[in-house]
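Peer 1: After the structure tokens below, expect a handful of questions from me.
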Amino acid sequence: MIKQLLSKEKKLAVVGLGYVGLPIALEFAKKISVIGFDINQKRIEMMCNCQDPSYELSAEDFAGADITFTADIEVLRQANFFIIAVPTPIDEYNQPNLFPLTSASKTVGKALKAGDYVVYESTVYPGCTEEDCIPVLEKESGLKFITDFKVGYSPERINPGDKVHTLTNTVKIVSGCDEESLDQIAKVYELIIQAGVHRAPNIKVAEAGKIIENTQRDVNIALMNELSIIFNRIGINTFDVIEAAGTKWNFLKFYPGLVGGHCIGVDPYYLVHKAKQKGYHAQLIDAGRFINDSMGGYIAKQTVKKILAADKHLLQSRVLVMGFTFKENVADIRNSKVFNIIKELQSYRVQVDVVDPYADAEELKSEYHIELNDKPQGKYDAIIAAVAHKQYRAYTEKDFLELSAEKGILIDVKGLYKNNITKLTYWSL
């Protein structure tokens, strides 16, 4: 397989061209012939014009790439090595939603031929590739797993907005269904991963390795969030406490905050789901998820308390929320916990305006039914600095004072302005 890909006798296809799939496709396209497949025709047209719909890559990243972008399954059939990189979200009950994954598996199954390889990159619970995906590939293709086609799992490790830890300089976990597939899959990824690959002993280990990366962070952040609630009642600043504790060499500096997005805010639920299937209630992971999911409402309630303490009427109060994307300096609004702040404030009938230099207004309207303002409108009783975009990091107290009504309040979720606010009422996690 690796020799035929290098000679361009065979092609590699990436199915799902989001923030994970597109960078992988373009990196491979520097070395071999690639088909980039996505069901969203609008996205395909943008990529054909060297535009990244996720706004992570520039036009230069498309230069010289041997890649064909398509939504046509007939074109997809020309590939022999398939990488599936579609989202794995949760539903309204926090249960795994495998529809995108099974749909992509059906599509690839229709294009699958004897001798082909399929590698999954989507984050899933241990066992999902073999128990949920491979049967779909067999059914749609009429082929037999291992005998006719090989499957592997290599979890994505792309960190949106991070220009330091990139696709090529981060070690890649790879796995296969047998020794031959592991060797071939490892060699394919070694074409683009400068940091090298880690060969997991089997697919389940690779799946578990990925999902605990985010679960570990989620639990640690939940601890900091719970501590921030305690410290708020004591009357001390959490960031001051972390700074003090951080002087010890083995203290891990996790910080309180909103935990949203499509990774840390989602993946632990996949592990909890699998644990329940095996008859175990994952108490610590579940508790961490509950704490982190509740932080938006907690921040909103603290804002309301500050407004009332300033003798302001809630029904006449205006709040500015600065930032909506799930993370700083990215355009992705999926599973943003800032929405929980806004929803809770609106339950008190407080008027809320939202600004964000990265978010797309149409997407925000469609996904959350929230209007995005181009800029702040008038004076605000409270300002919530929710996302640490680089534009907001440059703000001073003077900037906030210009936006604030009398007895203005600044809610600093990320602790960006700690020790620099003297004239406004200040609160942070």
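In the structure tokens, chains take letters A, B, ... by order of appearance, with residues numbered from 1 within each chain and ligands from 1 in the order shown.
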If we count only C-alpha atoms and set the cut-off at 12 Å, which residues sit around A:Glu243, ignoring sequence neighbours fewer than 4 positions away in its own chain? Please answer as a count of residues only.
Peer 2: 11
Peer 1: Would you list the contacts of A:Ile67 as a list in words, taking every protein, DNA or RNA residue within 10 Å and counting only C-alpha atoms, but skipping same-chain residues closer than 6 positions in sequence?
Peer 2: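 Counting only C-alpha atoms, the residues come to Lys11, Leu12, Ala13, Ala25, Leu26, Phe28, Ala29, Lys30, Ile32, Ser33, Val34, Ile35, Gly36 and Cys48 of chain A.
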Peer 1: For the selection you just gave me, I'd like the residues written to a file as a short mmCIF file (atom, residue, chain, number, x, y, z; two decimals), in the first residue's frame, keeping N, CA and C atoms.
Peer 2:
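Below you can see again_23.cif, which holds the result:
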```cif
data_model
loop_
_atom_site.label_atom_id
_atom_site.label_comp_id
_atom_site.auth_asym_id
_atom_site.auth_seq_id
_atom_site.Cartn_x
_atom_site.Cartn_y
_atom_site.Cartn_z
N LYS A 11 -4.60 6.17 -4.47
CA LYS A 11 -4.88 7.45 -3.86
C LYS A 11 -5.38 7.28 -2.43
N LEU A 12 -5.12 8.33 -1.65
CA LEU A 12 -5.63 8.39 -0.28
C LEU A 12 -6.80 9.37 -0.25
N ALA A 13 -7.85 9.00 0.48
CA ALA A 13 -9.01 9.89 0.62
C ALA A 13 -9.22 10.25 2.08
N ALA A 25 -5.51 16.17 5.04
CA ALA A 25 -5.59 15.99 3.60
C ALA A 25 -4.52 16.82 2.88
N LEU A 26 -4.36 18.07 3.28
CA LEU A 26 -3.40 18.95 2.62
C LEU A 26 -1.97 18.53 2.91
N PHE A 28 -0.92 15.39 3.50
CA PHE A 28 -0.66 14.21 2.67
C PHE A 28 -0.51 14.59 1.19
N ALA A 29 -1.26 15.62 0.77
CA ALA A 29 -1.25 16.02 -0.64
C ALA A 29 0.09 16.63 -1.07
N LYS A 30 0.98 16.88 -0.10
CA LYS A 30 2.33 17.33 -0.43
C LYS A 30 3.21 16.15 -0.87
N ILE A 32 1.59 12.63 -1.67
CA ILE A 32 0.88 11.64 -2.48
C ILE A 32 -0.39 12.26 -3.07
N SER A 33 -1.10 11.48 -3.86
CA SER A 33 -2.33 11.97 -4.48
C SER A 33 -3.51 11.76 -3.53
N VAL A 34 -4.28 12.83 -3.31
CA VAL A 34 -5.33 12.82 -2.28
C VAL A 34 -6.68 13.23 -2.85
N ILE A 35 -7.73 12.59 -2.32
CA ILE A 35 -9.12 13.01 -2.58
C ILE A 35 -9.68 13.53 -1.27
N GLY A 36 -10.15 14.77 -1.27
CA GLY A 36 -10.79 15.34 -0.09
C GLY A 36 -12.29 15.29 -0.28
N CYS A 48 -12.06 24.46 -2.92
CA CYS A 48 -11.59 24.52 -4.31
C CYS A 48 -11.00 25.89 -4.63
#
```
Peer 1: Mind pulling up the distance from atom CA of A:Lys3 to atom CA of A:Leu191?
Peer 2: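 These atoms are spaced 11.4 Å apart.
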Peer 1: How would you write, as a VMD selection string, the set of residues in stretch 224-418 of chain A that DSSP gives as helix (DSSP H, G or I)?
Peer 2: chain A and resid 224 to 234 238 to 245 267 to 277 283 to 309 314 to 316 338 to 347 361 to 368 390 to 393 397 to 403
Peer 1: For atom CA of A:Glu371 and atom CA of A:Val355, quote the distance in Å rounded to one decimal.
Peer 2: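 Between atom CA of A:Glu371 and atom CA of A:Val355 the gap is 9.0 Å.
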Peer 1: Select, from A:Pro126, A:Gly152, A:Gly196, A:Pro268, the residue with the minimum atom-to-atom distance to A:Ala208, counting only C-alpha atoms.
Peer 2: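 The closest residue to A:Ala208 is A:Pro126.
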Peer 1: So how far away is atom CA of A:Phe81 from atom CA of A:Tyr117, in Å?
Peer 2: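 Computed distance, atom CA of A:Tyr117 to atom CA of A:Phe81, equals 4.7 Å.
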Peer 1: Determine the nearest neighbour of A:Ser347 from the options A:Val86, A:Gln277, A:Ala71, A:Gly297, counting only C-alpha atoms.
Peer 2: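 Smallest distance to A:Ser347 is found for A:Gly297.
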Peer 1: Identify which of the residues A:Arg393, A:Lys31, A:Leu57, A:Val15 lies closest to A:Ala104, counting only C-alpha atoms when measuring atom-to-atom distances.
Peer 2: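 The answer is A:Val15, which sits nearest to A:Ala104.
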Peer 1: Would you pick out the contacts of A:Lys407 at 10 Å or less, using only C-alpha atoms, so that residues sharing its chain but fewer than 4 positions from it are not included, and give the list as a PyMOL selection string?
Peer 2: chain A and resi 307+310-312+380-382+401+423-425
Peer 1: Could you take the residues named above and write them with N, CA and C atoms, as a compact mmCIF listing (two decimals), in the first residue's frame?
Peer 2:
```
# COMPACT_ATOMS: atom_id res chain seq x y z
N ILE A 307 -25.09 42.63 39.97
CA ILE A 307 -26.00 43.67 39.47
C ILE A 307 -26.97 44.11 40.57
N ALA A 310 -25.45 46.22 43.26
CA ALA A 310 -25.20 47.61 42.84
C ALA A 310 -26.49 48.42 42.78
N ASP A 311 -27.59 47.85 43.35
CA ASP A 311 -28.90 48.51 43.37
C ASP A 311 -29.45 48.79 41.97
N LYS A 312 -29.17 47.87 41.06
CA LYS A 312 -29.69 48.00 39.70
C LYS A 312 -30.88 47.07 39.52
N TYR A 380 -23.19 49.51 29.40
CA TYR A 380 -23.62 48.24 29.98
C TYR A 380 -23.44 48.23 31.50
N ASP A 381 -24.41 47.59 32.16
CA ASP A 381 -24.34 47.47 33.62
C ASP A 381 -23.29 46.45 34.04
N ALA A 382 -23.12 45.44 33.19
CA ALA A 382 -22.08 44.42 33.46
C ALA A 382 -21.47 43.98 32.14
N LEU A 401 -14.31 50.97 31.06
CA LEU A 401 -15.04 52.12 31.61
C LEU A 401 -15.83 52.84 30.53
N LYS A 423 -11.49 50.70 39.42
CA LYS A 423 -12.67 51.57 39.43
C LYS A 423 -13.98 50.83 39.18
N LEU A 424 -13.91 49.67 38.57
CA LEU A 424 -15.10 48.84 38.33
C LEU A 424 -15.22 47.78 39.41
N THR A 425 -16.43 47.31 39.65
CA THR A 425 -16.60 46.14 40.50
C THR A 425 -16.07 44.95 39.73
```
Peer 1: Between stretch 26-57 of chain A and stretch 314-333 of chain A, at 8 Å or less, what are the per-residue closest atom pairs and their distances in Å? Count only C-alpha atoms, order by chain and rising residue number, and return it as CSV.
Peer 2:
```
residue,atom,partner,partner_atom,distance
A:Ser54,CA,A:Ala331,CA,6.7
A:Tyr55,CA,A:Ala331,CA,6.9
A:Glu56,CA,A:Val330,CA,7.5
```
Peer 1: Which is closer to A:Ile230 than all the others in A:Asp178, A:Val108, A:Pro256, A:Leu167, using only C-alpha atoms?
Peer 2: A:Pro256
Peer 1: Using only C-alpha atoms, which residue out of A:Gly265, A:Gly246, A:Pro53, A:Gly16 lies closest to A:Ser105?
Peer 2: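 Of the candidates, the smallest distance to A:Ser105 is held by A:Gly16.
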